[in-house]
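Asks: Quick one: the structure is below, questions incoming.
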Amino acid sequence: MFRVVHFDIMADDTARAVKFYKDVFNWKVEGWPGMEYWLVTTGPDDQPGINGGIGPRRDPGAHTENSIQVPSVVEYSKKVEAAGGKILRPKMPIPGVGWLAMAVDTEGNVFGLFEEDPTAKMP
């Protein structure tokens with residue numbers, strides 16, 4: 001099997017996108033010298049997860065859709081909205097796996113908020 005090891009978030013306004021992800025998830029974001037591209041560290045190397053980057057949208061149809069694991073879908077849905085994003089689909093169960101909400105950031109990129117919970121079930 002192959003696993004996702006990197007993500008790229010395309011942005012019309014890269015500074016605004018950097019601010020959004022730093023404010024919501026407290027990610028470490030560092031500019032790549034000589035480029036309009038930012039490297040994103042989402043957490044310590046000894047924890048599960050991937051790192052990625054934020055760069056300019058080169059194609060109007062380009063977008064990213066990754067799911068981000070959070071401790072609480074409800075709490076982070078509120079953080080997304082407070083930072084200027086929108087919730088497209090509120091918290092819904094993935095039976096036996098967890099909870100998922102779909103959101104859109106300030107740049108129009110769709111992403112998921114995922115909360116692990118093996119007891120999640122349909123209402």
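Naming scheme: A, B, ... for chains in displayed order of the structure tokens; residues 1 onward per chain; ligands 1 onward as shown.
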Quick one: everything within 7 Å of Asp8 in chain A, counting only C-alpha atoms, minus sequence neighbours fewer than 6 positions away in the same chain. Send it as a list in words.
Replies: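 The neighbour list is Gly52, Gly53, Ile54 and Thr64 of chain A.
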Asks: Do you know which residues are at most 7 Å from Glu30 in chain A counting only C-alpha atoms, after dropping those on the same chain fewer than 2 positions away, and could you put them as a PyMOL selection string?
Replies: chain A and resi 28+32+38-40
Asks: How would the residues just picked look written out with N, CA and C atoms as a short mmCIF file (atom, residue, chain, number, x, y, z; two decimals), in the first residue's frame?
Replies:
```cif
data_model
loop_
_atom_site.label_atom_id
_atom_site.label_comp_id
_atom_site.auth_asym_id
_atom_site.auth_seq_id
_atom_site.Cartn_x
_atom_site.Cartn_y
_atom_site.Cartn_z
N LYS A 28 3.25 25.10 11.98
CA LYS A 28 4.48 25.86 11.74
C LYS A 28 4.61 26.02 10.22
N TRP A 32 9.86 29.12 1.71
CA TRP A 32 10.94 28.46 0.98
C TRP A 32 11.73 29.57 0.30
N TRP A 38 5.41 27.96 0.83
CA TRP A 38 5.64 27.82 2.26
C TRP A 38 5.58 26.34 2.63
N LEU A 39 6.58 25.89 3.39
CA LEU A 39 6.58 24.53 3.91
C LEU A 39 5.76 24.50 5.19
N VAL A 40 4.94 23.48 5.33
CA VAL A 40 4.04 23.37 6.47
C VAL A 40 4.43 22.13 7.28
#
```
Asks: Might you pull out every residue within 7 Å of Asn109 in chain A, with only C-alpha atoms counted and same-chain residues fewer than 3 positions away left off, and present them as a PDB file with N, CA and C atoms, in the first residue's frame?
Replies:
```
ATOM      1  N   HIS A  63      -7.323  22.512  -6.629  1.00  0.00           N
ATOM      2  CA  HIS A  63      -7.748  22.540  -5.241  1.00  0.00           C
ATOM      3  C   HIS A  63      -7.159  21.343  -4.496  1.00  0.00           C
ATOM      4  N   THR A  64      -7.263  21.373  -3.215  1.00  0.00           N
ATOM      5  CA  THR A  64      -6.771  20.304  -2.360  1.00  0.00           C
ATOM      6  C   THR A  64      -7.917  19.819  -1.496  1.00  0.00           C
ATOM      7  N   GLU A  65      -7.965  18.536  -1.267  1.00  0.00           N
ATOM      8  CA  GLU A  65      -8.989  18.013  -0.367  1.00  0.00           C
ATOM      9  C   GLU A  65      -8.377  16.896   0.465  1.00  0.00           C
ATOM     10  N   VAL A 104     -14.511  24.606   3.999  1.00  0.00           N
ATOM     11  CA  VAL A 104     -13.793  25.313   2.941  1.00  0.00           C
ATOM     12  C   VAL A 104     -13.006  26.436   3.605  1.00  0.00           C
ATOM     13  N   ASP A 105     -11.755  26.611   3.191  1.00  0.00           N
ATOM     14  CA  ASP A 105     -10.915  27.646   3.776  1.00  0.00           C
ATOM     15  C   ASP A 105     -11.125  28.989   3.084  1.00  0.00           C
TER      16      ASP A 105
END
```
Asks: Could you list, as a ChimeraX atom specification, every residue within 6 Å of Pro56 in chain A, counting only C-alpha atoms and ignoring same-chain residues fewer than 6 positions away?
Replies: /A:10-12
Asks: Need to verify the contact set: Thr42 in chain A, 12 Å, only C-alpha atoms, exclusion of same-chain residues closer than 5 positions in sequence. Can you return it as JSON, numbers by chain?
Replies: {"A": [5, 6, 7, 21, 22, 24, 25, 26, 27, 28, 29, 30, 47, 48, 49, 50, 51, 52, 53, 68, 69, 70]}
Asks: Which residues come within 12 Å of Gly84 in chain A, counting only C-alpha atoms, excluding same-chain residues fewer than 6 positions away, as an MDAnalysis selection string?
Replies: chainID A and resid 16:17 19:21 23:24 77:78 103:108
Asks: Might you pull out every residue within 9 Å of Pro71 in chain A, with only C-alpha atoms counted and same-chain residues fewer than 2 positions away left off, and present them as a PyMOL selection string?
Replies: chain A and resi 69+73+75-76+114-116
Asks: Keeping only N, CA and C atoms, write the selected residues as a PDB file, in the first residue's frame.
Replies:
```pdb
ATOM      1  N   GLN A  69      -7.045  15.420  11.058  1.00  0.00           N
ATOM      2  CA  GLN A  69      -7.521  14.846  12.313  1.00  0.00           C
ATOM      3  C   GLN A  69      -7.466  15.895  13.412  1.00  0.00           C
ATOM      4  N   VAL A  73     -14.472  17.631  16.231  1.00  0.00           N
ATOM      5  CA  VAL A  73     -14.998  18.221  14.995  1.00  0.00           C
ATOM      6  C   VAL A  73     -15.815  19.469  15.310  1.00  0.00           C
ATOM      7  N   GLU A  75     -15.555  21.607  17.923  1.00  0.00           N
ATOM      8  CA  GLU A  75     -14.678  22.711  18.327  1.00  0.00           C
ATOM      9  C   GLU A  75     -13.950  23.313  17.126  1.00  0.00           C
ATOM     10  N   TYR A  76     -13.420  22.460  16.256  1.00  0.00           N
ATOM     11  CA  TYR A  76     -12.648  22.968  15.130  1.00  0.00           C
ATOM     12  C   TYR A  76     -13.530  23.514  14.013  1.00  0.00           C
ATOM     13  N   PHE A 114     -11.616  15.540  10.746  1.00  0.00           N
ATOM     14  CA  PHE A 114     -11.878  14.162  11.138  1.00  0.00           C
ATOM     15  C   PHE A 114     -11.569  13.963  12.614  1.00  0.00           C
ATOM     16  N   GLU A 115     -12.509  13.376  13.330  1.00  0.00           N
ATOM     17  CA  GLU A 115     -12.351  13.027  14.740  1.00  0.00           C
ATOM     18  C   GLU A 115     -12.496  11.517  14.879  1.00  0.00           C
ATOM     19  N   GLU A 116     -11.433  10.856  15.315  1.00  0.00           N
ATOM     20  CA  GLU A 116     -11.467   9.407  15.466  1.00  0.00           C
ATOM     21  C   GLU A 116     -12.405   9.024  16.627  1.00  0.00           C
TER      22      GLU A 116
END
```
Asks: From range 48-117 of chain A, collect each residue whose DSSP state is strand (DSSP E) and return the set as number ranges by chain.
Replies: A: 51-56, 67-69, 86-94, 98-104, 110-116
Asks: Do you have the CA of Gly55 in chain A-CA of Gly34 in chain A distance handy?
Replies: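 Value for the CA of Gly55 in chain A-CA of Gly34 in chain A distance: 12.6 Å.
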Asks: Taking the backbone alone, and naming residues the way the document does, which bits of chain A are alpha helix (DSSP H) by DSSP, as a PyMOL selection string?
Replies: chain A and resi 14-25+73-82
Asks: Please save N, CA and C atoms of the selected residues as a short mmCIF file (atom, residue, chain, number, x, y, z; two decimals), in the first residue's frame.
Replies:
```cif
data_model
loop_
_atom_site.label_atom_id
_atom_site.label_comp_id
_atom_site.auth_asym_id
_atom_site.auth_seq_id
_atom_site.Cartn_x
_atom_site.Cartn_y
_atom_site.Cartn_z
N THR A 14 -1.67 33.74 -0.90
CA THR A 14 -0.91 32.81 -0.08
C THR A 14 -0.71 33.32 1.36
N ALA A 15 -0.52 34.61 1.54
CA ALA A 15 -0.35 35.15 2.90
C ALA A 15 -1.61 34.92 3.73
N ARG A 16 -2.76 35.12 3.12
CA ARG A 16 -4.03 34.89 3.82
C ARG A 16 -4.20 33.41 4.17
N ALA A 17 -3.82 32.53 3.25
CA ALA A 17 -3.93 31.09 3.50
C ALA A 17 -2.98 30.66 4.62
N VAL A 18 -1.75 31.18 4.61
CA VAL A 18 -0.79 30.87 5.68
C VAL A 18 -1.38 31.29 7.02
N LYS A 19 -1.92 32.49 7.10
CA LYS A 19 -2.51 32.98 8.35
C LYS A 19 -3.66 32.08 8.80
N PHE A 20 -4.53 31.71 7.88
CA PHE A 20 -5.67 30.86 8.20
C PHE A 20 -5.22 29.56 8.86
N TYR A 21 -4.29 28.82 8.25
CA TYR A 21 -3.88 27.51 8.77
C TYR A 21 -3.07 27.64 10.06
N LYS A 22 -2.29 28.72 10.19
CA LYS A 22 -1.59 28.95 11.46
C LYS A 22 -2.59 29.25 12.57
N ASP A 23 -3.58 30.10 12.29
CA ASP A 23 -4.57 30.48 13.30
C ASP A 23 -5.44 29.30 13.74
N VAL A 24 -5.89 28.49 12.79
CA VAL A 24 -6.82 27.41 13.12
C VAL A 24 -6.10 26.21 13.74
N PHE A 25 -4.99 25.77 13.15
CA PHE A 25 -4.36 24.51 13.57
C PHE A 25 -3.01 24.69 14.26
N VAL A 73 -14.47 17.63 16.23
CA VAL A 73 -15.00 18.22 14.99
C VAL A 73 -15.81 19.47 15.31
N VAL A 74 -16.59 19.44 16.37
CA VAL A 74 -17.43 20.59 16.73
C VAL A 74 -16.56 21.79 17.07
N GLU A 75 -15.56 21.61 17.92
CA GLU A 75 -14.68 22.71 18.33
C GLU A 75 -13.95 23.31 17.13
N TYR A 76 -13.42 22.46 16.26
CA TYR A 76 -12.65 22.97 15.13
C TYR A 76 -13.53 23.51 14.01
N SER A 77 -14.76 23.09 13.94
CA SER A 77 -15.70 23.71 13.00
C SER A 77 -15.89 25.18 13.39
N LYS A 78 -15.99 25.43 14.69
CA LYS A 78 -16.12 26.81 15.18
C LYS A 78 -14.86 27.61 14.88
N LYS A 79 -13.69 27.00 15.04
CA LYS A 79 -12.43 27.70 14.75
C LYS A 79 -12.33 28.05 13.26
N VAL A 80 -12.76 27.12 12.41
CA VAL A 80 -12.74 27.37 10.97
C VAL A 80 -13.58 28.60 10.65
N GLU A 81 -14.79 28.64 11.17
CA GLU A 81 -15.67 29.77 10.90
C GLU A 81 -15.12 31.07 11.48
N ALA A 82 -14.52 31.02 12.66
CA ALA A 82 -13.94 32.21 13.28
C ALA A 82 -12.78 32.77 12.48
#
```
Asks: Expressed in Å to a single decimal, how great is the separation between CA of Leu113 in chain A and CA of Lys91 in chain A?
Replies: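 Taking CA of Leu113 in chain A as the start and CA of Lys91 in chain A as the end point, the length is 8.5 Å.
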Asks: For CA of Thr119 in chain A and CA of Leu100 in chain A, quote the distance in Å rounded to one decimal.
Replies: 13.4 Å
Asks: For Pro93 in chain A, which residue among A:Asp13, A:Pro118, A:Val110, A:Ala62 is the nearest when counting only C-alpha atoms?
Replies: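 Nearest candidate to Pro93 in chain A out of A:Asp13, A:Pro118, A:Val110, A:Ala62: A:Pro118.
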Asks: Tell me which of A:Asp117, A:Ser67, A:Met122, A:Arg58 sits closest to Ala101 in chain A, counting only C-alpha atoms.
Replies: A:Ser67
